[in-house]
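Peer 1: Following this line is query.pdb, made up of PDB, C-alpha atoms:
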ATOM      1  CA  MET A   1     -72.519  20.633 -58.114
ATOM      2  CA  THR A   2     -76.092  19.900 -57.076
ATOM      3  CA  MET A   3     -77.467  16.482 -56.287
ATOM      4  CA  ARG A   4     -80.375  14.832 -58.033
ATOM      5  CA  PRO A   5     -83.633  15.184 -56.003
ATOM      6  CA  SER A   6     -83.755  11.483 -55.090
ATOM      7  CA  LEU A   7     -80.142  11.522 -53.894
ATOM      8  CA  ARG A   8     -80.704  14.782 -52.022
ATOM      9  CA  LYS A   9     -83.716  13.300 -50.202
ATOM     10  CA  PHE A  10     -81.703  10.218 -49.256
ATOM     11  CA  ALA A  11     -78.813  12.349 -47.943
ATOM     12  CA  LEU A  12     -81.265  14.548 -46.040
ATOM     13  CA  THR A  13     -82.894  11.477 -44.463
ATOM     14  CA  VAL A  14     -79.514  10.157 -43.312
ATOM     15  CA  HIS A  15     -78.503  13.611 -42.074
ATOM     16  CA  LEU A  16     -81.707  14.128 -40.072
ATOM     17  CA  THR A  17     -81.530  10.616 -38.629
ATOM     18  CA  SER A  18     -77.932  10.999 -37.483
ATOM     19  CA  SER A  19     -78.433  14.538 -36.152
ATOM     20  CA  VAL A  20     -81.596  13.807 -34.177
ATOM     21  CA  GLY A  21     -80.103  10.469 -33.083
ATOM     22  CA  TRP A  22     -77.049  12.352 -31.781
ATOM     23  CA  ILE A  23     -79.286  14.573 -29.644
ATOM     24  CA  GLY A  24     -81.206  11.541 -28.347
ATOM     25  CA  ALA A  25     -78.015   9.680 -27.483
ATOM     26  CA  VAL A  26     -76.641  12.705 -25.602
ATOM     27  CA  ILE A  27     -79.898  12.974 -23.607
ATOM     28  CA  THR A  28     -79.544   9.270 -22.691
ATOM     29  CA  TYR A  29     -75.894   9.821 -21.706
ATOM     30  CA  LEU A  30     -76.880  12.818 -19.584
ATOM     31  CA  THR A  31     -79.619  10.780 -17.866
ATOM     32  CA  LEU A  32     -77.070   8.112 -16.952
ATOM     33  CA  GLY A  33     -74.647  10.808 -15.807
ATOM     34  CA  VAL A  34     -77.285  12.251 -13.473
ATOM     35  CA  ALA A  35     -77.985   8.748 -12.147
ATOM     36  CA  ALA A  36     -74.251   8.223 -11.463
ATOM     37  CA  VAL A  37     -74.073  11.519  -9.578
ATOM     38  CA  THR A  38     -77.224  11.221  -7.518
ATOM     39  CA  THR A  39     -77.217   7.549  -6.500
ATOM     40  CA  ARG A  40     -75.447   6.054  -3.494
ATOM     41  CA  ASP A  41     -75.742   2.543  -4.893
ATOM     42  CA  PRO A  42     -72.366   1.258  -6.179
ATOM     43  CA  LEU A  43     -74.047  -1.134  -8.615
ATOM     44  CA  THR A  44     -75.961   1.717 -10.227
ATOM     45  CA  VAL A  45     -72.767   3.780 -10.528
ATOM     46  CA  ARG A  46     -70.944   0.880 -12.204
ATOM     47  CA  ALA A  47     -73.875   0.161 -14.525
ATOM     48  CA  ALA A  48     -74.262   3.846 -15.405
ATOM     49  CA  TRP A  49     -70.577   4.320 -16.281
ATOM     50  CA  SER A  50     -70.457   1.103 -18.328
ATOM     51  CA  ALA A  51     -73.533   2.223 -20.245
ATOM     52  CA  MET A  52     -72.126   5.744 -20.698
ATOM     53  CA  GLU A  53     -68.944   4.308 -22.183
ATOM     54  CA  LEU A  54     -70.910   2.041 -24.541
ATOM     55  CA  ILE A  55     -73.312   4.765 -25.624
ATOM     56  CA  GLY A  56     -70.440   7.216 -26.069
ATOM     57  CA  TRP A  57     -68.354   5.035 -28.352
ATOM     58  CA  ASN A  58     -71.109   3.060 -30.116
ATOM     59  CA  ALA A  59     -73.812   5.685 -30.540
ATOM     60  CA  ILE A  60     -72.667   9.265 -29.905
ATOM     61  CA  VAL A  61     -69.337   9.122 -31.779
ATOM     62  CA  PRO A  62     -70.689   7.398 -34.954
ATOM     63  CA  LEU A  63     -73.764   9.641 -34.988
ATOM     64  CA  ALA A  64     -71.618  12.771 -34.556
ATOM     65  CA  LEU A  65     -69.297  11.758 -37.400
ATOM     66  CA  GLY A  66     -72.295  10.757 -39.539
ATOM     67  CA  SER A  67     -74.009  14.055 -38.870
ATOM     68  CA  LEU A  68     -70.870  16.020 -39.745
ATOM     69  CA  LEU A  69     -70.227  14.035 -42.927
ATOM     70  CA  THR A  70     -73.820  14.135 -44.196
ATOM     71  CA  GLY A  71     -74.011  17.826 -43.282
ATOM     72  CA  LEU A  72     -70.988  18.496 -45.490
ATOM     73  CA  ILE A  73     -72.547  16.448 -48.307
ATOM     74  CA  MET A  74     -75.859  18.308 -47.959
ATOM     75  CA  ALA A  75     -74.161  21.704 -47.993
ATOM     76  CA  LEU A  76     -71.879  20.978 -50.922
ATOM     77  CA  GLY A  77     -74.511  19.068 -52.906
ATOM     78  CA  THR A  78     -77.230  21.728 -52.719
ATOM     79  CA  GLN A  79     -77.625  25.427 -53.481
ATOM     80  CA  TRP A  80     -77.001  26.251 -49.806
ATOM     81  CA  GLY A  81     -73.246  25.775 -50.144
ATOM     82  CA  LEU A  82     -70.812  25.567 -47.241
ATOM     83  CA  PHE A  83     -69.760  29.203 -46.839
ATOM     84  CA  ARG A  84     -72.607  31.130 -48.492
ATOM     85  CA  HIS A  85     -74.991  31.521 -45.560
ATOM     86  CA  TYR A  86     -74.066  32.472 -42.017
ATOM     87  CA  TRP A  87     -76.361  29.866 -40.486
ATOM     88  CA  VAL A  88     -74.572  27.104 -42.426
ATOM     89  CA  VAL A  89     -71.158  28.442 -41.334
ATOM     90  CA  PHE A  90     -72.303  28.600 -37.695
ATOM     91  CA  SER A  91     -73.727  25.066 -37.889
ATOM     92  CA  LEU A  92     -70.505  23.752 -39.433
ATOM     93  CA  VAL A  93     -68.238  25.428 -36.858
ATOM     94  CA  LEU A  94     -70.377  24.294 -33.899
ATOM     95  CA  THR A  95     -70.596  20.722 -35.238
ATOM     96  CA  VAL A  96     -66.831  20.517 -35.826
ATOM     97  CA  VAL A  97     -66.092  21.917 -32.339
ATOM     98  CA  ALA A  98     -68.624  19.588 -30.672
ATOM     99  CA  THR A  99     -67.214  16.553 -32.520
ATOM    100  CA  ALA A 100     -63.608  17.499 -31.691
ATOM    101  CA  ILE A 101     -64.387  17.928 -27.973
ATOM    102  CA  LEU A 102     -66.325  14.643 -28.008
ATOM    103  CA  LEU A 103     -63.408  12.726 -29.549
ATOM    104  CA  GLU A 104     -60.984  14.360 -27.123
ATOM    105  CA  HIS A 105     -63.225  13.551 -24.131
ATOM    106  CA  MET A 106     -64.199   9.937 -24.854
ATOM    107  CA  PRO A 107     -60.874   8.298 -23.804
ATOM    108  CA  SER A 108     -61.272   9.830 -20.340
ATOM    109  CA  VAL A 109     -64.807   8.391 -20.153
ATOM    110  CA  SER A 110     -63.361   4.954 -20.937
ATOM    111  CA  SER A 111     -60.653   5.278 -18.278
ATOM    112  CA  THR A 112     -63.198   6.434 -15.684
ATOM    113  CA  ALA A 113     -65.541   3.566 -16.579
ATOM    114  CA  ALA A 114     -62.669   1.092 -16.164
ATOM    115  CA  MET A 115     -61.733   2.661 -12.828
ATOM    116  CA  VAL A 116     -65.317   2.552 -11.553
ATOM    117  CA  ARG A 117     -65.614  -1.111 -12.550
ATOM    118  CA  ALA A 118     -62.450  -1.940 -10.572
ATOM    119  CA  ALA A 119     -63.254   0.217  -7.519
ATOM    120  CA  ASP A 120     -64.870  -1.272  -4.439
ATOM    121  CA  ALA A 121     -68.095  -0.070  -2.841
ATOM    122  CA  THR A 122     -66.309   2.105  -0.241
ATOM    123  CA  GLN A 123     -64.276   3.903  -2.900
ATOM    124  CA  LEU A 124     -67.395   4.487  -4.985
ATOM    125  CA  ALA A 125     -69.320   5.811  -1.984
ATOM    126  CA  ARG A 126     -66.466   8.219  -1.220
ATOM    127  CA  GLY A 127     -65.772   9.384  -4.713
ATOM    128  CA  LEU A 128     -69.179   9.498  -6.341
ATOM    129  CA  GLY A 129     -69.153  11.864  -9.205
ATOM    130  CA  GLY A 130     -70.318  12.169 -12.740
ATOM    131  CA  ASP A 131     -69.844  13.677 -16.120
ATOM    132  CA  LEU A 132     -72.539  16.293 -16.446
ATOM    133  CA  LEU A 133     -70.745  19.341 -17.838
ATOM    134  CA  HIS A 134     -69.734  17.821 -21.181
ATOM    135  CA  PRO A 135     -73.112  16.283 -22.116
ATOM    136  CA  ALA A 136     -75.052  19.319 -20.843
ATOM    137  CA  ALA A 137     -72.907  21.777 -22.823
ATOM    138  CA  GLY A 138     -72.945  19.418 -25.813
ATOM    139  CA  LEU A 139     -76.725  19.166 -25.711
ATOM    140  CA  LEU A 140     -77.014  22.954 -25.626
ATOM    141  CA  VAL A 141     -74.755  23.276 -28.673
ATOM    142  CA  LEU A 142     -76.730  20.595 -30.547
ATOM    143  CA  LEU A 143     -80.012  22.361 -29.787
ATOM    144  CA  VAL A 144     -78.570  25.644 -31.095
ATOM    145  CA  ILE A 145     -77.542  23.842 -34.304
ATOM    146  CA  GLN A 146     -81.017  22.302 -34.528
ATOM    147  CA  VAL A 147     -82.699  25.718 -34.214
ATOM    148  CA  LEU A 148     -80.351  27.208 -36.836
ATOM    149  CA  ASN A 149     -81.156  24.372 -39.237
ATOM    150  CA  MET A 150     -84.904  24.665 -38.699
ATOM    151  CA  TYR A 151     -85.233  28.467 -38.894
ATOM    152  CA  LYS A 152     -82.393  29.116 -41.379
ATOM    153  CA  PRO A 153     -81.991  32.793 -40.408
ATOM    154  CA  GLN A 154     -81.253  35.095 -43.328
ATOM    155  CA  GLY A 155     -77.822  36.478 -43.988
ATOM    156  CA  LEU A 156     -75.365  35.933 -46.812
ATOM    157  CA  THR A 157     -71.631  35.897 -46.245
ATOM    158  CA  PRO A 158     -69.572  38.213 -48.519
ATOM    159  CA  TYR A 159     -68.649  35.080 -50.516
ATOM    160  CA  GLY A 160     -72.292  34.001 -50.766
ATOM    161  CA  TRP A 161     -73.348  37.478 -51.814
ATOM    162  CA  ARG A 162     -70.673  37.557 -54.541
ATOM    163  CA  LYS A 163     -71.791  34.151 -55.812
ATOM    164  CA  GLN A 164     -75.398  35.329 -55.847
ATOM    165  CA  GLN A 165     -74.443  38.403 -57.880
ATOM    166  CA  GLU A 166     -72.500  36.233 -60.343
ATOM    167  CA  HIS A 167     -75.471  33.896 -60.668
ATOM    168  CA  ARG A 168     -77.835  36.836 -61.295
ATOM    169  CA  SER A 169     -75.559  38.418 -63.883
ATOM    170  CA  ILE A 170     -75.336  35.102 -65.772
ATOM    171  CA  LYS A 171     -79.098  34.600 -65.540
ATOM    172  CA  ALA A 172     -80.121  38.164 -66.413
ATOM    173  CA  PRO A 173     -79.056  38.245 -70.138
ATOM    174  CA  ALA A 174     -80.690  34.878 -70.744
ATOM    175  CA  THR A 175     -84.045  36.044 -69.358
ATOM    176  CA  THR A 176     -84.031  39.374 -71.219
ATOM    177  CA  ARG A 177     -83.738  37.700 -74.614
TER     178      ARG A 177
ATOM    179  CA  MET B   1     -68.532  58.005 -50.224
ATOM    180  CA  THR B   2     -71.934  58.604 -51.847
ATOM    181  CA  GLU B   3     -72.951  57.099 -55.155
ATOM    182  CA  GLN B   4     -72.945  60.546 -56.802
ATOM    183  CA  ASN B   5     -69.260  60.912 -55.954
ATOM    184  CA  ASN B   6     -68.406  57.440 -57.154
ATOM    185  CA  PRO B   7     -67.560  57.393 -60.864
ATOM    186  CA  THR B   8     -67.827  53.610 -61.072
ATOM    187  CA  VAL B   9     -71.517  53.670 -60.157
ATOM    188  CA  SER B  10     -73.998  55.351 -62.443
ATOM    189  CA  ASP B  11     -77.782  55.350 -62.662
ATOM    190  CA  ASP B  12     -77.824  53.066 -65.689
ATOM    191  CA  THR B  13     -75.862  50.328 -63.952
ATOM    192  CA  PRO B  14     -78.028  47.175 -63.851
ATOM    193  CA  MET B  15     -79.125  46.081 -60.349
ATOM    194  CA  ARG B  16     -77.567  49.224 -58.936
ATOM    195  CA  ALA B  17     -79.312  48.842 -55.579
ATOM    196  CA  SER B  18     -77.887  45.388 -54.875
ATOM    197  CA  ARG B  19     -74.316  46.106 -55.953
ATOM    198  CA  GLU B  20     -73.123  46.705 -52.416
ATOM    199  CA  TYR B  21     -72.836  43.975 -49.853
ATOM    200  CA  PRO B  22     -75.691  44.595 -47.393
ATOM    201  CA  GLY B  23     -73.480  43.804 -44.419
ATOM    202  CA  MET B  24     -73.477  41.264 -41.661
ATOM    203  CA  PRO B  25     -76.916  40.625 -40.086
ATOM    204  CA  ARG B  26     -77.416  41.639 -36.473
ATOM    205  CA  TRP B  27     -78.014  38.070 -35.278
ATOM    206  CA  VAL B  28     -74.569  37.073 -36.618
ATOM    207  CA  LYS B  29     -72.869  39.938 -34.739
ATOM    208  CA  VAL B  30     -74.708  39.166 -31.489
ATOM    209  CA  SER B  31     -74.072  35.409 -31.766
ATOM    210  CA  GLY B  32     -70.433  35.986 -32.685
ATOM    211  CA  ILE B  33     -69.842  38.215 -29.657
ATOM    212  CA  ALA B  34     -71.698  35.786 -27.362
ATOM    213  CA  LEU B  35     -69.635  32.887 -28.709
ATOM    214  CA  LEU B  36     -66.392  34.819 -28.262
ATOM    215  CA  VAL B  37     -67.262  35.754 -24.671
ATOM    216  CA  LEU B  38     -68.163  32.126 -23.946
ATOM    217  CA  VAL B  39     -64.899  30.815 -25.397
ATOM    218  CA  VAL B  40     -62.847  33.359 -23.411
ATOM    219  CA  LEU B  41     -64.788  32.458 -20.250
ATOM    220  CA  VAL B  42     -64.164  28.725 -20.737
ATOM    221  CA  VAL B  43     -60.450  29.305 -21.387
ATOM    222  CA  VAL B  44     -60.134  31.502 -18.267
ATOM    223  CA  VAL B  45     -61.985  28.949 -16.099
ATOM    224  CA  LEU B  46     -59.816  26.107 -17.434
ATOM    225  CA  VAL B  47     -56.584  28.061 -16.880
ATOM    226  CA  VAL B  48     -57.585  29.086 -13.343
ATOM    227  CA  ALA B  49     -58.815  25.579 -12.479
ATOM    228  CA  THR B  50     -55.605  24.019 -13.828
ATOM    229  CA  ALA B  51     -53.491  26.552 -11.904
ATOM    230  CA  LEU B  52     -55.376  25.755  -8.697
ATOM    231  CA  GLY B  53     -55.042  22.013  -9.315
ATOM    232  CA  LEU B  54     -58.784  21.478  -9.651
ATOM    233  CA  HIS B  55     -58.584  20.336 -13.243
ATOM    234  CA  ASN B  56     -56.037  18.022 -14.814
ATOM    235  CA  PRO B  57     -56.496  17.509 -18.551
ATOM    236  CA  SER B  58     -54.981  14.016 -18.357
ATOM    237  CA  MET B  59     -57.508  12.919 -15.730
ATOM    238  CA  GLY B  60     -60.956  11.532 -16.359
ATOM    239  CA  PRO B  61     -64.208  13.298 -15.554
ATOM    240  CA  MET B  62     -64.505  11.979 -11.977
ATOM    241  CA  GLN B  63     -60.939  11.109 -11.063
ATOM    242  CA  HIS B  64     -60.369  14.194  -8.969
ATOM    243  CA  GLY B  65     -61.245  12.765  -5.586
ATOM    244  CA  MET B  66     -61.034   9.104  -6.360
ATOM    245  CA  PRO B  67     -58.080   6.839  -5.616
ATOM    246  CA  GLN B  68     -56.763   4.626  -8.427
ATOM    247  CA  PRO B  69     -57.828   0.970  -8.060
TER     248      PRO B  69
END
As structure tokens, how would this structure be written, given the file I've shared?
Peer 2:
Amino acid sequence: MTMRPSLRKFALTVHLTSSVGWIGAVITYLTLGVAAVTTRDPLTVRAAWSAMELIGWNAIVPLALGSLLTGLIMALGTQWGLFRHYWVVFSLVLTVVATAILLEHMPSVSSTAAMVRAADATQLARGLGGDLLHPAAGLLVLLVIQVLNMYKPQGLTPYGWRKQQEHRSIKAPATTR
Amino acid sequence: MTEQNNPTVSDDTPMRASREYPGMPRWVKVSGIALLVLVVLVVVVLVVATALGLHNPSMGPMQHGMPQP
């Protein structure tokens, strides 16, 4: 099933917006995480963690789910398919893994943000820390997905190759007439 | 097995050259191995860190050295 061009363009616009927005939101989260790690100011730590919690739940999670959903729609609604090209398979797997880790990680961000809000200045000065590993690794994965989607490296899966052969064999008699 | 020895493939078969799957591209093999190594590395680090008490899955990102309020 392929989408009409106007619908395909709309889906692509939503997909690009959510995917690039996801990367931007992760960069913002990472910036706040670095601020929480490097500062000695308790107010900055509290503000950073509150903002990280808000950005996580209100921007990163919806954008991740939106990107995954629109990516599935784009793959299934165009000739690319979901399992025909290796770059699509890689993008799908990486997006699913990144989204799953994000959803698994966000409750701990909320609990840390609540703890930081309740902690006093001495506790914060003693236990300053941040959340750099998850956003840094996540950003790396998102950039890999971005590169895959831009360059679309060649390579058909066995399923994609079979489908291509079927398509050619259907098309060939029609063109030889 | 060569094509000459294969009775199912003859010279008059249409699109004879593209009948066989060309195989997995090199970038897929390299990326797959790199991904596998990375996953194994992460699992090993997590297992070791959990065994040493440095990582508790139920704890938050910065709750290791911080007392509960």
Peer 1: Got a sec to resolve the ChimeraX specification (/B :<7) & /A on this structure and send the residues as an NGL selection string?
Peer 2: :A and (108-109 or 111-112 or 115 or 118-119 or 127 or 129-131 or 155 or 158 or 161)
Peer 1: Taking 5 positions as the minimum chain separation for residues in the same chain, which residues sit within 8 Å of region 51-66 of chain A when counting only C-alpha atoms? Answer as a list in words.
Peer 2: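 Final neighbour list, sorted by chain and number: His15, Ser18, Ser19, Gly21, Trp22, Ala25, Val26, Tyr29, Leu32, Gly33, Thr99, Leu102, Leu103, Met106, Val109, Ser110 and Ala113 of chain A.
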Peer 1: Using Å and a single decimal, report how far CA of Val96 (chain A) sits from CA of Glu166 (chain A).
Peer 2: 29.7 Å
Peer 1: Figure out the distance between CA of Val144 (chain A) and CA of Val40 (chain B), please, to one decimal in Å.
Peer 2: 19.1 Å
Peer 1: Please compute the CA of Leu139 (chain A)-CA of Ile23 (chain A) distance, one decimal, in Å.
Peer 2: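 About the pair CA of Leu139 (chain A) and CA of Ile23 (chain A): they are 6.6 Å apart.
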Peer 1: Which neighbours of Arg8 (chain A) fall inside 9 Å, counting all atoms listed in the file, when residues of the same chain fewer than 4 positions from it are skipped, and could you give them as a list of chain:residue names?
Peer 2: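 Once the nearby chain positions are removed, what remains is A:Thr2, A:Met3, A:Arg4, A:Leu12, A:Thr13, A:Met74, A:Gly77, A:Thr78.
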Peer 1: Evaluate the PyMOL selection byres ((chain A and resi 95) around 10) on the structure here and hand back the selected residues as a VMD selection string.
Peer 2: chain A and resid 64 to 65 67 to 68 71 89 to 94 96 to 101 138 141 to 142 145
Peer 1: Atoms to include: C-alpha atoms. Write the selected residues as a PDB file, in the coordinates of the input.
Peer 2:
ATOM      1  CA  ALA A  64     -71.618  12.771 -34.556  1.00  0.00           C
ATOM      2  CA  LEU A  65     -69.297  11.758 -37.400  1.00  0.00           C
ATOM      3  CA  SER A  67     -74.009  14.055 -38.870  1.00  0.00           C
ATOM      4  CA  LEU A  68     -70.870  16.020 -39.745  1.00  0.00           C
ATOM      5  CA  GLY A  71     -74.011  17.826 -43.282  1.00  0.00           C
ATOM      6  CA  VAL A  89     -71.158  28.442 -41.334  1.00  0.00           C
ATOM      7  CA  PHE A  90     -72.303  28.600 -37.695  1.00  0.00           C
ATOM      8  CA  SER A  91     -73.727  25.066 -37.889  1.00  0.00           C
ATOM      9  CA  LEU A  92     -70.505  23.752 -39.433  1.00  0.00           C
ATOM     10  CA  VAL A  93     -68.238  25.428 -36.858  1.00  0.00           C
ATOM     11  CA  LEU A  94     -70.377  24.294 -33.899  1.00  0.00           C
ATOM     12  CA  VAL A  96     -66.831  20.517 -35.826  1.00  0.00           C
ATOM     13  CA  VAL A  97     -66.092  21.917 -32.339  1.00  0.00           C
ATOM     14  CA  ALA A  98     -68.624  19.588 -30.672  1.00  0.00           C
ATOM     15  CA  THR A  99     -67.214  16.553 -32.520  1.00  0.00           C
ATOM     16  CA  ALA A 100     -63.608  17.499 -31.691  1.00  0.00           C
ATOM     17  CA  ILE A 101     -64.387  17.928 -27.973  1.00  0.00           C
ATOM     18  CA  GLY A 138     -72.945  19.418 -25.813  1.00  0.00           C
ATOM     19  CA  VAL A 141     -74.755  23.276 -28.673  1.00  0.00           C
ATOM     20  CA  LEU A 142     -76.730  20.595 -30.547  1.00  0.00           C
ATOM     21  CA  ILE A 145     -77.542  23.842 -34.304  1.00  0.00           C
TER      22      ILE A 145
END
Peer 1: Might you pull out every residue within 9 Å of Arg117 (chain A), with all atoms listed in the file counted and same-chain residues fewer than 6 positions away left off, and present them as a list in words?
Peer 2: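 Residues meeting the cut-off are Val45, Arg46, Ala47, Trp49 and Ser50 of chain A.
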Peer 1: Find the residues near Leu143 (chain A): any atom within 10 Å, counting all atoms listed in the file, skip ones fewer than 6 places away on the same chain, and give them as a list in words.
Peer 2: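 Residues meeting the cut-off are Val20, Ile23, Ala137 and Asn149 of chain A.
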Peer 1: Is it possible to produce a file of region 126-155 of chain A from this structure, with N, CA and C atoms, as a compact mmCIF listing (two decimals), in the first residue's frame?
Peer 2:
# COMPACT_ATOMS: atom_id res chain seq x y z
N ARG A 126 27.19 17.87 48.49
CA ARG A 126 27.89 16.61 48.72
C ARG A 126 27.64 15.59 47.60
N GLY A 127 26.42 15.61 47.14
CA GLY A 127 26.05 14.55 46.19
C GLY A 127 25.79 15.05 44.78
N LEU A 128 26.51 16.06 44.37
CA LEU A 128 26.28 16.58 43.01
C LEU A 128 26.58 15.50 41.98
N GLY A 129 25.69 15.38 41.10
CA GLY A 129 25.88 14.38 40.05
C GLY A 129 24.94 14.70 38.91
N GLY A 130 24.99 13.91 37.89
CA GLY A 130 24.13 14.22 36.75
C GLY A 130 23.73 12.98 36.01
N ASP A 131 23.15 13.22 34.87
CA ASP A 131 22.67 12.13 34.03
C ASP A 131 23.23 12.37 32.64
N LEU A 132 24.48 12.01 32.45
CA LEU A 132 25.13 12.32 31.18
C LEU A 132 25.20 11.11 30.25
N LEU A 133 25.31 9.92 30.83
CA LEU A 133 25.50 8.72 30.01
C LEU A 133 24.32 8.47 29.08
N HIS A 134 23.10 8.51 29.66
CA HIS A 134 21.91 8.21 28.85
C HIS A 134 21.71 9.20 27.70
N PRO A 135 21.73 10.53 27.98
CA PRO A 135 21.53 11.45 26.84
C PRO A 135 22.67 11.42 25.84
N ALA A 136 23.92 11.21 26.33
CA ALA A 136 25.05 11.18 25.39
C ALA A 136 24.96 9.96 24.47
N ALA A 137 24.67 8.79 25.06
CA ALA A 137 24.53 7.58 24.25
C ALA A 137 23.32 7.70 23.32
N GLY A 138 22.23 8.27 23.86
CA GLY A 138 21.02 8.45 23.06
C GLY A 138 21.26 9.37 21.87
N LEU A 139 22.00 10.44 22.12
CA LEU A 139 22.31 11.38 21.04
C LEU A 139 23.13 10.71 19.95
N LEU A 140 24.07 9.89 20.36
CA LEU A 140 24.91 9.16 19.40
C LEU A 140 24.05 8.24 18.53
N VAL A 141 23.14 7.52 19.18
CA VAL A 141 22.25 6.61 18.43
C VAL A 141 21.38 7.41 17.45
N LEU A 142 20.85 8.55 17.91
CA LEU A 142 19.99 9.36 17.04
C LEU A 142 20.76 9.91 15.85
N LEU A 143 22.03 10.27 16.08
CA LEU A 143 22.84 10.77 14.96
C LEU A 143 23.14 9.66 13.95
N VAL A 144 23.35 8.44 14.46
CA VAL A 144 23.56 7.30 13.55
C VAL A 144 22.30 7.09 12.69
N ILE A 145 21.13 7.15 13.34
CA ILE A 145 19.87 6.99 12.61
C ILE A 145 19.73 8.10 11.55
N GLN A 146 20.08 9.31 11.96
CA GLN A 146 19.99 10.46 11.05
C GLN A 146 20.87 10.24 9.81
N VAL A 147 22.09 9.79 10.03
CA VAL A 147 23.03 9.54 8.92
C VAL A 147 22.47 8.44 8.01
N LEU A 148 21.96 7.37 8.62
CA LEU A 148 21.37 6.27 7.83
C LEU A 148 20.22 6.78 6.95
N ASN A 149 19.38 7.64 7.54
CA ASN A 149 18.23 8.15 6.81
C ASN A 149 18.62 9.13 5.71
N MET A 150 19.71 9.84 5.91
CA MET A 150 20.15 10.80 4.89
C MET A 150 20.86 10.10 3.74
N TYR A 151 21.77 9.17 4.06
CA TYR A 151 22.59 8.53 3.03
C TYR A 151 21.92 7.30 2.40
N LYS A 152 21.02 6.68 3.15
CA LYS A 152 20.31 5.48 2.66
C LYS A 152 21.27 4.50 1.98
N PRO A 153 22.22 3.93 2.72
CA PRO A 153 23.19 3.03 2.10
C PRO A 153 22.50 1.83 1.45
N GLN A 154 23.05 1.42 0.32
CA GLN A 154 22.44 0.33 -0.47
C GLN A 154 22.51 -0.99 0.29
N GLY A 155 21.63 -1.87 -0.08
CA GLY A 155 21.64 -3.21 0.51
C GLY A 155 20.22 -3.70 0.76
